[in-house]
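Asks: Okay, so here is coords_24.tsv, and as you'll see once you scroll down, it has TSV, C-alpha atoms.
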```
chain	number	residue	atom	x	y	z
A	1	MET	CA	-63.93	195.24	25.05
A	2	MET	CA	-67.38	195.89	26.53
A	3	ASN	CA	-68.67	199.48	26.62
A	4	PRO	CA	-68.24	200.89	30.20
A	5	LYS	CA	-71.71	202.46	30.11
A	6	LEU	CA	-73.22	199.10	29.17
A	7	VAL	CA	-71.32	197.46	32.06
A	8	ASP	CA	-72.72	200.04	34.48
A	9	GLN	CA	-76.24	199.47	33.15
A	10	LEU	CA	-75.88	195.71	33.56
A	11	LYS	CA	-74.61	196.15	37.12
A	12	LEU	CA	-77.58	198.37	37.92
A	13	LEU	CA	-80.04	195.86	36.46
A	14	LEU	CA	-78.40	193.05	38.44
A	15	LYS	CA	-78.57	195.05	41.67
A	16	GLN	CA	-82.25	195.89	41.08
A	17	SER	CA	-82.98	192.23	40.37
A	18	LEU	CA	-81.20	191.13	43.55
A	19	LEU	CA	-83.08	193.71	45.61
A	20	ALA	CA	-86.42	192.62	44.18
A	21	THR	CA	-85.60	188.96	44.82
A	22	SER	CA	-84.41	189.74	48.34
A	23	ARG	CA	-87.67	191.54	49.16
A	24	ARG	CA	-89.71	188.58	47.91
A	25	VAL	CA	-87.87	185.69	49.45
A	26	TRP	CA	-86.03	186.73	52.58
A	27	ARG	CA	-86.10	190.37	53.76
A	28	THR	CA	-88.92	192.88	53.65
A	29	PRO	CA	-87.79	196.51	54.01
A	30	LEU	CA	-90.49	198.46	55.84
A	31	ASP	CA	-91.06	202.16	55.27
A	32	ARG	CA	-90.94	204.69	58.11
A	33	ARG	CA	-94.71	204.76	58.73
A	34	THR	CA	-94.99	200.96	58.83
A	35	SER	CA	-91.95	200.65	61.11
A	36	VAL	CA	-93.41	203.11	63.63
A	37	LYS	CA	-96.79	201.38	63.50
A	38	LEU	CA	-95.19	197.98	64.12
A	39	LEU	CA	-93.46	199.31	67.25
A	40	LYS	CA	-96.45	201.09	68.80
A	41	GLY	CA	-96.54	198.70	71.77
A	42	ASP	CA	-92.83	199.13	72.57
A	43	ILE	CA	-92.61	202.91	73.19
A	44	VAL	CA	-90.58	204.00	76.23
A	45	TYR	CA	-90.19	207.67	75.22
A	46	LYS	CA	-92.25	209.99	73.01
A	47	ASN	CA	-91.90	213.75	72.56
A	48	HIS	CA	-93.48	215.78	69.77
A	49	HIS	CA	-92.17	219.26	68.90
A	50	GLU	CA	-94.43	221.91	67.43
A	51	SER	CA	-93.81	223.21	63.88
A	52	ILE	CA	-91.19	225.91	63.35
A	53	ASP	CA	-91.37	228.81	60.88
A	54	LEU	CA	-88.02	229.51	59.22
A	55	PRO	CA	-87.50	232.93	57.57
A	56	ALA	CA	-86.49	233.21	53.91
A	57	LEU	CA	-82.77	233.35	53.29
A	58	ALA	CA	-80.62	235.23	50.79
A	59	SER	CA	-76.85	235.44	50.65
A	60	VAL	CA	-75.08	238.68	51.54
A	61	ASN	CA	-74.00	238.96	47.90
A	62	GLY	CA	-77.64	239.02	46.79
A	63	VAL	CA	-78.17	235.44	45.63
A	64	PRO	CA	-81.41	233.91	46.97
A	65	SER	CA	-81.29	230.50	48.62
A	66	ARG	CA	-82.70	227.65	46.55
A	67	TYR	CA	-83.76	225.91	49.75
A	68	PHE	CA	-85.33	228.87	51.54
A	69	PRO	CA	-86.33	231.45	48.88
A	70	THR	CA	-89.48	232.11	50.94
A	71	GLU	CA	-90.49	231.46	54.53
A	72	LYS	CA	-90.85	227.74	55.24
A	73	THR	CA	-92.71	225.84	57.94
A	74	VAL	CA	-90.89	222.75	59.23
A	75	SER	CA	-93.02	220.04	60.83
A	76	PHE	CA	-91.76	217.14	62.93
A	77	ASP	CA	-92.72	213.55	63.65
A	78	PRO	CA	-92.61	212.53	67.31
A	79	ASP	CA	-89.19	211.63	68.72
A	80	TYR	CA	-89.35	208.03	69.92
A	81	VAL	CA	-87.35	205.54	71.92
A	82	TRP	CA	-88.51	201.91	71.68
A	83	GLN	CA	-87.38	198.83	73.60
A	84	ILE	CA	-88.21	195.61	71.77
A	85	SER	CA	-87.74	192.22	73.40
A	86	VAL	CA	-88.01	188.65	72.16
A	87	LYS	CA	-91.59	187.64	72.94
A	88	GLU	CA	-94.60	185.94	71.39
A	89	GLN	CA	-94.70	188.10	68.24
A	90	ILE	CA	-90.92	188.65	67.99
A	91	ASP	CA	-88.87	185.46	68.00
A	92	SER	CA	-85.57	186.96	66.80
A	93	ILE	CA	-83.77	190.33	66.76
A	94	THR	CA	-80.75	190.75	64.47
A	95	ILE	CA	-78.46	193.76	64.05
A	96	CYS	CA	-77.29	193.89	60.44
A	97	THR	CA	-73.86	194.95	59.21
A	98	SER	CA	-75.23	198.41	58.38
A	99	GLY	CA	-76.77	198.74	61.86
A	100	ASN	CA	-80.34	198.09	60.65
A	101	THR	CA	-82.52	196.09	63.00
A	102	LEU	CA	-84.11	192.97	61.54
A	103	LEU	CA	-87.09	191.35	63.30
A	104	ASN	CA	-88.04	187.70	62.84
A	105	HIS	CA	-85.27	187.30	60.20
A	106	LYS	CA	-87.58	189.17	57.82
A	107	LEU	CA	-88.74	192.69	58.75
A	108	LEU	CA	-86.14	195.41	58.22
A	109	LEU	CA	-86.97	198.58	60.13
A	110	ASP	CA	-86.54	202.10	58.70
A	111	LEU	CA	-85.92	204.61	61.49
A	112	ASP	CA	-83.21	206.87	60.04
A	113	PHE	CA	-83.12	207.96	56.38
A	114	ARG	CA	-84.33	205.11	54.20
A	115	ILE	CA	-83.13	201.55	54.52
A	116	SER	CA	-79.52	200.78	53.71
A	117	GLY	CA	-79.04	198.41	50.79
A	118	ALA	CA	-76.45	196.67	52.95
A	119	GLY	CA	-79.25	195.66	55.29
A	120	ILE	CA	-81.13	194.00	52.45
A	121	LEU	CA	-78.34	192.32	50.48
A	122	GLU	CA	-76.08	191.32	53.37
A	123	TRP	CA	-74.77	187.77	53.08
A	124	PRO	CA	-77.00	185.59	55.31
A	125	TYR	CA	-74.43	182.99	56.42
A	126	LYS	CA	-71.94	184.03	59.11
A	127	PRO	CA	-69.99	181.32	60.90
A	128	LYS	CA	-69.90	183.16	64.23
A	129	GLN	CA	-73.13	184.16	66.00
A	130	ILE	CA	-73.31	186.29	69.16
A	131	THR	CA	-76.42	187.14	71.19
A	132	TYR	CA	-76.36	189.94	73.77
A	133	PRO	CA	-79.00	190.40	76.49
A	134	LEU	CA	-79.40	194.12	75.72
A	135	VAL	CA	-78.33	196.08	72.61
A	136	VAL	CA	-78.62	199.77	71.73
A	137	ALA	CA	-78.64	200.16	67.92
A	138	PRO	CA	-78.39	203.92	67.22
A	139	TRP	CA	-77.58	204.05	63.48
A	140	SER	CA	-78.41	202.12	60.31
A	141	HIS	CA	-75.97	203.24	57.61
A	142	LEU	CA	-72.39	202.46	56.65
A	143	TRP	CA	-71.72	206.19	56.08
A	144	CYS	CA	-71.48	208.75	58.89
A	145	SER	CA	-69.69	212.13	58.87
A	146	TYR	CA	-68.91	214.17	61.99
A	147	TYR	CA	-72.20	216.03	61.45
A	148	ASP	CA	-74.22	212.80	61.14
A	149	TYR	CA	-72.50	211.27	64.14
A	150	VAL	CA	-73.12	214.21	66.49
A	151	ILE	CA	-76.57	215.25	65.27
A	152	PHE	CA	-78.09	211.81	64.81
A	153	VAL	CA	-76.08	209.06	66.55
A	154	LEU	CA	-74.91	210.98	69.62
A	155	ALA	CA	-78.20	212.86	69.98
A	156	LYS	CA	-80.12	209.60	69.82
A	157	LEU	CA	-77.90	208.16	72.55
A	158	CYS	CA	-78.67	211.21	74.71
A	159	ARG	CA	-82.39	210.62	74.15
A	160	ILE	CA	-82.03	206.94	75.08
A	161	GLU	CA	-80.21	207.93	78.28
A	162	LYS	CA	-83.02	210.34	79.13
A	163	ALA	CA	-85.57	207.55	78.60
A	164	LEU	CA	-83.78	204.71	80.40
A	165	GLY	CA	-81.23	206.35	82.70
A	166	LYS	CA	-77.42	206.31	82.74
A	167	GLU	CA	-77.36	202.73	83.97
A	168	VAL	CA	-78.27	201.55	80.47
A	169	TRP	CA	-74.63	202.15	79.39
A	170	GLN	CA	-73.38	199.64	81.95
A	171	GLU	CA	-75.82	197.00	80.76
A	172	ALA	CA	-76.02	197.39	76.98
A	173	LYS	CA	-73.77	196.80	74.00
A	174	ILE	CA	-73.79	199.68	71.51
A	175	CYS	CA	-73.95	198.08	68.05
A	176	TYR	CA	-73.51	199.99	64.78
A	177	PRO	CA	-70.83	200.55	62.09
A	178	LEU	CA	-68.28	202.34	64.26
A	179	ARG	CA	-66.36	205.36	62.96
A	180	HIS	CA	-63.16	204.47	64.88
A	181	THR	CA	-62.33	208.16	65.35
A	182	SER	CA	-61.01	210.06	68.34
A	183	PHE	CA	-64.16	212.21	68.46
A	184	GLU	CA	-66.39	209.13	68.62
A	185	LEU	CA	-64.45	207.72	71.56
A	186	GLY	CA	-64.30	211.15	73.19
A	187	PHE	CA	-68.04	211.69	73.11
A	188	MET	CA	-68.77	208.12	74.19
A	189	ALA	CA	-66.47	208.54	77.17
A	190	LYS	CA	-68.26	211.78	78.14
A	191	LEU	CA	-71.55	209.84	78.07
A	192	GLY	CA	-70.01	207.19	80.34
A	193	ILE	CA	-70.10	204.42	77.72
A	194	PRO	CA	-67.17	201.99	78.19
A	195	GLU	CA	-65.12	201.40	75.04
A	196	SER	CA	-65.54	197.66	75.66
A	197	SER	CA	-69.31	198.10	75.09
A	198	LEU	CA	-68.86	199.40	71.52
A	199	ILE	CA	-69.47	196.68	68.92
A	200	ASP	CA	-68.56	197.27	65.26
A	201	THR	CA	-71.24	195.51	63.21
A	202	ARG	CA	-69.03	195.49	60.09
A	203	VAL	CA	-67.17	192.38	61.27
A	204	ARG	CA	-67.80	190.20	58.23
A	205	ASP	CA	-67.88	186.76	59.81
A	206	THR	CA	-70.07	187.59	62.82
A	207	GLY	CA	-73.82	187.88	63.16
A	208	TYR	CA	-75.14	189.96	66.06
A	209	HIS	CA	-78.41	189.26	67.84
A	210	ALA	CA	-80.21	190.61	70.89
A	211	GLU	CA	-82.70	189.42	73.45
A	212	SER	CA	-83.76	193.06	73.78
A	213	VAL	CA	-82.91	196.07	71.59
A	214	VAL	CA	-83.31	199.82	72.19
A	215	LEU	CA	-83.97	201.98	69.13
A	216	GLY	CA	-84.79	205.58	68.28
A	217	ASN	CA	-85.84	207.48	65.18
A	218	ASN	CA	-84.41	210.55	63.46
A	219	GLN	CA	-86.12	213.55	61.91
A	220	ASP	CA	-85.37	215.10	58.51
A	221	TRP	CA	-81.67	215.24	57.60
A	222	TYR	CA	-81.71	219.02	57.14
A	223	CYS	CA	-83.89	219.72	60.19
A	224	PRO	CA	-83.01	217.43	63.12
A	225	SER	CA	-85.10	217.28	66.28
A	226	PRO	CA	-85.10	220.52	68.33
A	227	TYR	CA	-85.45	218.39	71.45
A	228	ASP	CA	-82.34	216.40	70.48
A	229	ILE	CA	-80.39	219.63	69.91
A	230	LYS	CA	-81.43	220.76	73.39
A	231	LEU	CA	-80.30	217.43	74.88
A	232	LEU	CA	-76.90	217.69	73.18
A	233	ARG	CA	-76.37	221.19	74.54
A	234	SER	CA	-77.44	220.27	78.05
A	235	LYS	CA	-75.06	217.31	78.02
A	236	PHE	CA	-71.94	218.75	76.40
A	237	CYS	CA	-71.91	222.57	76.53
A	238	LEU	CA	-69.49	224.19	78.97
A	239	GLN	CA	-71.05	224.51	82.40
A	240	GLU	CA	-69.02	227.57	83.40
A	241	ASN	CA	-69.92	231.12	82.34
A	242	VAL	CA	-67.78	232.16	79.37
A	243	LYS	CA	-67.79	235.52	77.63
A	244	PRO	CA	-67.47	234.96	73.86
A	245	TYR	CA	-64.49	236.82	72.43
A	246	ARG	CA	-62.88	234.75	69.69
A	247	LYS	CA	-63.19	235.61	66.00
A	248	ILE	CA	-62.40	232.37	64.17
A	249	TYR	CA	-61.99	231.32	60.56
A	250	LEU	CA	-62.43	227.61	59.78
A	251	SER	CA	-59.99	226.59	57.06
A	252	ARG	CA	-60.58	223.34	55.16
A	253	LYS	CA	-58.30	220.81	53.54
A	254	GLY	CA	-59.54	218.17	51.13
A	255	ARG	CA	-62.72	218.95	49.25
A	256	ARG	CA	-64.74	222.18	49.36
A	257	GLN	CA	-61.85	224.58	49.87
A	258	VAL	CA	-61.78	228.33	49.26
A	259	LYS	CA	-59.77	228.83	46.07
A	260	ASN	CA	-58.65	232.33	46.99
A	261	GLU	CA	-58.11	231.58	50.67
A	262	ALA	CA	-54.87	233.56	50.82
A	263	GLN	CA	-56.84	236.73	50.02
A	264	VAL	CA	-59.61	235.76	52.47
A	265	ARG	CA	-57.05	235.25	55.25
A	266	GLU	CA	-55.53	238.67	54.59
A	267	VAL	CA	-58.95	240.33	54.94
A	268	LEU	CA	-59.75	238.46	58.15
A	269	LYS	CA	-56.35	239.16	59.69
A	270	GLU	CA	-57.18	242.88	59.37
A	271	PHE	CA	-59.97	242.19	61.87
A	272	ASP	CA	-57.81	240.03	64.19
A	273	PHE	CA	-59.37	236.68	63.27
A	274	GLU	CA	-57.76	233.45	64.43
A	275	ILE	CA	-57.14	231.02	61.57
A	276	LEU	CA	-58.11	227.51	62.69
A	277	GLU	CA	-56.32	225.01	60.49
A	278	ASP	CA	-58.13	221.79	59.60
A	279	ILE	CA	-56.47	219.47	62.13
A	280	ASP	CA	-57.68	216.94	64.68
A	281	ARG	CA	-58.77	218.41	68.00
A	282	THR	CA	-60.15	216.75	71.08
A	283	VAL	CA	-63.85	216.95	71.87
A	284	GLU	CA	-63.06	219.26	74.79
A	285	GLU	CA	-60.98	221.59	72.59
A	286	GLN	CA	-63.73	221.89	70.00
A	287	ILE	CA	-66.44	222.55	72.58
A	288	ARG	CA	-64.38	225.28	74.27
A	289	LEU	CA	-63.32	226.95	71.01
A	290	PHE	CA	-66.92	227.40	69.90
A	291	ALA	CA	-68.22	228.30	73.36
A	292	GLU	CA	-65.71	231.17	73.32
A	293	ALA	CA	-66.50	232.21	69.72
A	294	ALA	CA	-68.13	235.58	69.08
A	295	VAL	CA	-67.78	235.23	65.28
A	296	VAL	CA	-67.39	232.08	63.15
A	297	VAL	CA	-66.56	232.29	59.42
A	298	GLY	CA	-65.66	229.58	56.92
A	299	PRO	CA	-66.61	227.33	53.98
A	300	HIS	CA	-69.47	224.88	54.46
A	301	GLY	CA	-68.30	221.72	56.21
A	302	ALA	CA	-68.71	219.42	59.18
A	303	ALA	CA	-66.75	221.76	61.50
A	304	PHE	CA	-69.86	223.98	61.62
A	305	THR	CA	-71.52	221.17	63.60
A	306	ASN	CA	-69.69	222.71	66.56
A	307	LEU	CA	-72.02	225.72	66.39
A	308	LEU	CA	-74.01	223.56	68.81
A	309	TRP	CA	-71.67	224.71	71.57
A	310	CYS	CA	-71.92	228.44	70.75
A	311	GLN	CA	-73.75	230.96	72.89
A	312	PRO	CA	-76.81	232.89	71.65
A	313	GLY	CA	-75.84	235.96	69.64
A	314	THR	CA	-72.72	234.43	68.08
A	315	LYS	CA	-72.34	235.70	64.50
A	316	VAL	CA	-71.89	233.13	61.72
A	317	MET	CA	-70.94	233.47	58.05
A	318	GLU	CA	-70.88	230.37	55.84
A	319	PHE	CA	-69.36	230.20	52.33
A	320	PHE	CA	-70.94	227.98	49.65
A	321	TYR	CA	-70.29	226.86	46.13
A	322	GLY	CA	-73.53	227.93	44.46
A	323	GLY	CA	-74.54	224.49	43.21
A	324	TYR	CA	-74.53	222.96	46.71
A	325	THR	CA	-76.11	225.06	49.47
A	326	PRO	CA	-77.66	222.75	52.09
A	327	PRO	CA	-79.35	224.52	55.04
A	328	PHE	CA	-78.07	222.33	57.90
A	329	PHE	CA	-76.39	225.14	59.79
A	330	TYR	CA	-78.86	227.87	58.89
A	331	TYR	CA	-81.48	225.74	60.64
A	332	ILE	CA	-79.28	225.15	63.71
A	333	CYS	CA	-78.55	228.89	63.95
A	334	GLN	CA	-82.28	229.62	63.88
A	335	LEU	CA	-82.86	227.16	66.73
A	336	LEU	CA	-80.02	228.51	68.87
A	337	GLY	CA	-80.41	232.24	68.33
A	338	LEU	CA	-77.16	232.65	66.36
A	339	GLU	CA	-76.91	235.48	63.81
A	340	TYR	CA	-76.51	233.64	60.50
A	341	SER	CA	-75.39	234.94	57.10
A	342	CYS	CA	-73.88	233.28	54.02
A	343	MET	CA	-72.08	233.99	50.75
A	344	PHE	CA	-72.66	232.02	47.53
A	345	ASP	CA	-70.13	231.52	44.77
A	346	ASP	CA	-72.88	231.47	42.18
A	347	SER	CA	-70.79	230.21	39.28
A	348	ASP	CA	-73.18	227.28	38.89
A	349	ALA	CA	-76.91	227.96	38.93
A	350	SER	CA	-77.97	224.32	39.28
A	351	GLU	CA	-78.57	222.62	42.63
A	352	ASP	CA	-76.99	219.21	42.24
A	353	TRP	CA	-75.55	216.72	44.76
A	354	SER	CA	-72.77	215.93	42.27
A	355	LEU	CA	-71.39	219.38	43.18
A	356	ILE	CA	-71.03	218.49	46.88
A	357	GLY	CA	-67.23	218.64	46.79
A	358	GLU	CA	-66.66	221.70	44.57
A	359	ASP	CA	-64.22	224.38	45.69
A	360	MET	CA	-65.43	227.97	45.82
A	361	THR	CA	-64.29	231.55	45.33
A	362	VAL	CA	-65.16	234.26	47.87
A	363	ASP	CA	-65.71	237.88	46.82
A	364	VAL	CA	-63.25	239.54	49.21
A	365	ALA	CA	-64.72	243.03	48.73
A	366	VAL	CA	-68.14	241.81	49.85
A	367	LEU	CA	-66.54	239.81	52.65
A	368	LYS	CA	-64.68	242.86	53.99
A	369	SER	CA	-67.84	244.96	53.94
A	370	GLU	CA	-69.86	242.27	55.73
A	371	ILE	CA	-67.24	241.64	58.39
A	372	LYS	CA	-67.26	245.36	59.19
A	373	LYS	CA	-71.04	245.21	59.64
A	374	MET	CA	-70.80	242.08	61.81
A	375	LEU	CA	-68.30	243.71	64.14
A	376	GLU	CA	-70.07	247.03	64.54
```
Could you quickly redo this structure as structure tokens?
Replies:
Amino acid sequence: MMNPKLVDQLKLLLKQSLLATSRRVWRTPLDRRTSVKLLKGDIVYKNHHESIDLPALASVNGVPSRYFPTEKTVSFDPDYVWQISVKEQIDSITICTSGNTLLNHKLLLDLDFRISGAGILEWPYKPKQITYPLVVAPWSHLWCSYYDYVIFVLAKLCRIEKALGKEVWQEAKICYPLRHTSFELGFMAKLGIPESSLIDTRVRDTGYHAESVVLGNNQDWYCPSPYDIKLLRSKFCLQENVKPYRKIYLSRKGRRQVKNEAQVREVLKEFDFEILEDIDRTVEEQIRLFAEAAVVVGPHGAAFTNLLWCQPGTKVMEFFYGGYTPPFFYYICQLLGLEYSCMFDDSDASEDWSLIGEDMTVDVAVLKSEIKKMLE
């Protein structure tokens, strides 16, 4: 029987060989800079945010952040929307299975976070071919969590609407690997996008093409566009005046749970916190819950994406396993004027993506002390 490690090495070598061959003979993956340069004549929207200084961050239990141990300056590329049409230089526009846009059957654009391998290695022959007059292609990866969907896909759609007007949703097909979730359909409906206009590019036997395609770029994964955040809030935040009053704890099921959650719940109940179980809620329910939140506490997870709907001054405490402490929500809190704090279970000193799903333990004595301070 062949050694499993040797099998994995052979698979890796084969994949690398296929990628190299693909680049040479049929698809050329462009980098971000080259993609933007290629599209310089197709810009329909451009907005460039100034740099932002983010303060250093340490946890309330005294562990410094490995991402922000000192003050950091975050710089941004311009936010773009492009509309590319078949013309003299562009004779074909293809939307790949992964959502990548392919020009002239050869040039694979990189406008999100590196090119998806699915866009390079995708099987070229598909018996069914469909061409749409106008396509919006807002995402280029087969993966997409709630955070990624709201912050990058939905925000990009809001930017496209700002550039081209609401009528674009009545004219265009929206082509990308759909999530097929209730929140996706809920947000699309709020934008006025008909469900019939959503095209899942993962249909194996169908190739999708466009006479004209609308694209946008994304900023850094940890630090999305401040202008996009503003667009999301203007589009989806509650329009009525609401006085924040809720104190909510975000429980999690699945990965990244709090090991001693029973103790944590007992502490929080002393301060009249609501325990929000990890269940499906409508888009409207989530927006209202966080608009009404005065305090939000919980383990790191996609539910914190809903901090977007909070009002300035809302207090936030995020729990982390020490080996995985990404600053997504620290950054959002800085943009929105939310009072952010965090606790690290520092049982692992390394920062490693393999620890992304680890459960954590919360020091309940420190938690109780910090909650008292937050509520003073």
Asks: What's the separation between CA of Gly207 (chain A) and CA of Ile93 (chain A), in Å to one decimal place?
Replies: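 Computing the Euclidean distance for CA of Gly207 (chain A) and CA of Ile93 (chain A) yields 10.9 Å.
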Asks: Which one of A:Pro226, A:Pro312, A:Gly165, A:Gly99 sits closest to Cys144 (chain A) if you count all atoms listed in the file?
Replies: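 Closest to Cys144 (chain A), using all atoms listed in the file: A:Gly99.
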Asks: Could you pull the residues within 10 Å of Phe319 (chain A), counting all atoms listed in the file, minus those fewer than 6 positions along the same chain, as a list in words?
Replies: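 After dropping sequence-adjacent residues, the list is Ser59, Arg256, Gln257, Val258, Val297, Gly298, Pro299, His300, Gly301, Thr325, Ser341, Cys342, Met343, Phe344, Asp345, Met360, Thr361 and Val362 of chain A.
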Asks: Could you please take those selected residues and save C-alpha atoms as a PDB file, in the frame of the given file?
Replies:
```
ATOM      1  CA  SER A  59     -76.850 235.440  50.650  1.00  0.00           C
ATOM      2  CA  ARG A 256     -64.740 222.180  49.360  1.00  0.00           C
ATOM      3  CA  GLN A 257     -61.850 224.580  49.870  1.00  0.00           C
ATOM      4  CA  VAL A 258     -61.780 228.330  49.260  1.00  0.00           C
ATOM      5  CA  VAL A 297     -66.560 232.290  59.420  1.00  0.00           C
ATOM      6  CA  GLY A 298     -65.660 229.580  56.920  1.00  0.00           C
ATOM      7  CA  PRO A 299     -66.610 227.330  53.980  1.00  0.00           C
ATOM      8  CA  HIS A 300     -69.470 224.880  54.460  1.00  0.00           C
ATOM      9  CA  GLY A 301     -68.300 221.720  56.210  1.00  0.00           C
ATOM     10  CA  THR A 325     -76.110 225.060  49.470  1.00  0.00           C
ATOM     11  CA  SER A 341     -75.390 234.940  57.100  1.00  0.00           C
ATOM     12  CA  CYS A 342     -73.880 233.280  54.020  1.00  0.00           C
ATOM     13  CA  MET A 343     -72.080 233.990  50.750  1.00  0.00           C
ATOM     14  CA  PHE A 344     -72.660 232.020  47.530  1.00  0.00           C
ATOM     15  CA  ASP A 345     -70.130 231.520  44.770  1.00  0.00           C
ATOM     16  CA  MET A 360     -65.430 227.970  45.820  1.00  0.00           C
ATOM     17  CA  THR A 361     -64.290 231.550  45.330  1.00  0.00           C
ATOM     18  CA  VAL A 362     -65.160 234.260  47.870  1.00  0.00           C
TER      19      VAL A 362
END
```
Asks: Restricting the calculation to all atoms listed in the file: of A:Trp169, A:Ile84, A:Asp359, A:Val283, which residue gets closest to Tyr146 (chain A)?
Replies: A:Val283
Asks: For Pro244 (chain A), which of A:Asp346, A:Asp200, A:Glu292, A:Asp205 is the closest residue, counting all atoms listed in the file?
Replies: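 Nearest to Pro244 (chain A): A:Glu292.
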Asks: Looking at A:Glu284, A:Glu171, A:Cys158, A:Asn100, which one is nearest to Phe183 (chain A), with distances taken over all atoms listed in the file?
Replies: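 Using all atoms listed in the file, the shortest distance to Phe183 (chain A) belongs to A:Glu284.
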Asks: Which residue is closest to Lys315 (chain A)? Choose from A:Gln334, A:Ser140, A:Thr97, A:Thr282 and count all atoms listed in the file.
Replies: A:Gln334
Asks: From the list A:Ala56, A:Ala210, A:Leu215, A:Cys310, which residue is nearest Asp112 (chain A) when using only C-alpha atoms?
Replies: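 Going through A:Ala56, A:Ala210, A:Leu215, A:Cys310 one by one, the smallest distance to Asp112 (chain A) is for A:Leu215.
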Asks: Report as a PyMOL selection string all protein, DNA and RNA residues lying within 12 Å of Thr206 (chain A), evaluated on all atoms listed in the file, omitting residues in the same chain fewer than 4 positions from it.
Replies: chain A and resi 94-97+122-131+199-202
Asks: Could you please determine the separation between CA of Thr101 (chain A) and CA of Glu88 (chain A) in Å, to one decimal place?
Replies: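 Answer for the CA of Thr101 (chain A) to CA of Glu88 (chain A) separation: 17.9 Å.
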Asks: For CA of Arg204 (chain A) and CA of Ser98 (chain A), quote the distance in Å rounded to one decimal.
Replies: 11.1 Å
Asks: Determine, counting only C-alpha atoms, which protein, DNA and RNA residues have an atom within 12 Å of an atom of region 259-264 of chain A; residues of the same chain fewer than 2 positions away are not included. Present the result as a ChimeraX atom specification.
Replies: /A:249-257,266-271,273,275,277,297-299,319-321,345,358-368,371
Asks: Missing atoms in region 271-285 of chain A need filling: write out N, CA and C atoms for it as a PDB file, in the frame of the given file.
Replies:
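This went into part37.pdb:
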```
ATOM      1  N   PHE A 271     -58.988 242.097  60.785  1.00  0.00           N
ATOM      2  CA  PHE A 271     -59.970 242.190  61.870  1.00  0.00           C
ATOM      3  C   PHE A 271     -59.602 241.261  63.037  1.00  0.00           C
ATOM      4  N   ASP A 272     -58.350 240.834  63.077  1.00  0.00           N
ATOM      5  CA  ASP A 272     -57.810 240.030  64.190  1.00  0.00           C
ATOM      6  C   ASP A 272     -58.495 238.670  64.339  1.00  0.00           C
ATOM      7  N   PHE A 273     -58.824 238.031  63.227  1.00  0.00           N
ATOM      8  CA  PHE A 273     -59.370 236.680  63.270  1.00  0.00           C
ATOM      9  C   PHE A 273     -58.269 235.662  63.549  1.00  0.00           C
ATOM     10  N   GLU A 274     -58.626 234.616  64.289  1.00  0.00           N
ATOM     11  CA  GLU A 274     -57.760 233.450  64.430  1.00  0.00           C
ATOM     12  C   GLU A 274     -58.036 232.510  63.245  1.00  0.00           C
ATOM     13  N   ILE A 275     -56.983 231.987  62.654  1.00  0.00           N
ATOM     14  CA  ILE A 275     -57.140 231.020  61.570  1.00  0.00           C
ATOM     15  C   ILE A 275     -57.021 229.621  62.174  1.00  0.00           C
ATOM     16  N   LEU A 276     -58.118 228.884  62.173  1.00  0.00           N
ATOM     17  CA  LEU A 276     -58.110 227.510  62.690  1.00  0.00           C
ATOM     18  C   LEU A 276     -57.846 226.548  61.544  1.00  0.00           C
ATOM     19  N   GLU A 277     -56.653 225.973  61.540  1.00  0.00           N
ATOM     20  CA  GLU A 277     -56.320 225.010  60.490  1.00  0.00           C
ATOM     21  C   GLU A 277     -57.145 223.735  60.687  1.00  0.00           C
ATOM     22  N   ASP A 278     -57.318 223.008  59.601  1.00  0.00           N
ATOM     23  CA  ASP A 278     -58.130 221.790  59.600  1.00  0.00           C
ATOM     24  C   ASP A 278     -57.291 220.629  60.142  1.00  0.00           C
ATOM     25  N   ILE A 279     -57.233 220.529  61.471  1.00  0.00           N
ATOM     26  CA  ILE A 279     -56.470 219.470  62.130  1.00  0.00           C
ATOM     27  C   ILE A 279     -57.357 218.805  63.175  1.00  0.00           C
ATOM     28  N   ASP A 280     -56.933 217.634  63.632  1.00  0.00           N
ATOM     29  CA  ASP A 280     -57.680 216.940  64.680  1.00  0.00           C
ATOM     30  C   ASP A 280     -57.582 217.705  65.999  1.00  0.00           C
ATOM     31  N   ARG A 281     -58.722 217.818  66.660  1.00  0.00           N
ATOM     32  CA  ARG A 281     -58.770 218.410  68.000  1.00  0.00           C
ATOM     33  C   ARG A 281     -59.620 217.516  68.883  1.00  0.00           C
ATOM     34  N   THR A 282     -59.342 217.542  70.167  1.00  0.00           N
ATOM     35  CA  THR A 282     -60.150 216.750  71.080  1.00  0.00           C
ATOM     36  C   THR A 282     -61.557 217.313  71.164  1.00  0.00           C
ATOM     37  N   VAL A 283     -62.478 216.497  71.650  1.00  0.00           N
ATOM     38  CA  VAL A 283     -63.850 216.950  71.870  1.00  0.00           C
ATOM     39  C   VAL A 283     -63.864 218.173  72.770  1.00  0.00           C
ATOM     40  N   GLU A 284     -63.087 218.139  73.843  1.00  0.00           N
ATOM     41  CA  GLU A 284     -63.060 219.260  74.790  1.00  0.00           C
ATOM     42  C   GLU A 284     -62.547 220.537  74.140  1.00  0.00           C
ATOM     43  N   GLU A 285     -61.524 220.413  73.288  1.00  0.00           N
ATOM     44  CA  GLU A 285     -60.980 221.590  72.590  1.00  0.00           C
ATOM     45  C   GLU A 285     -62.017 222.203  71.669  1.00  0.00           C
TER      46      GLU A 285
END
```
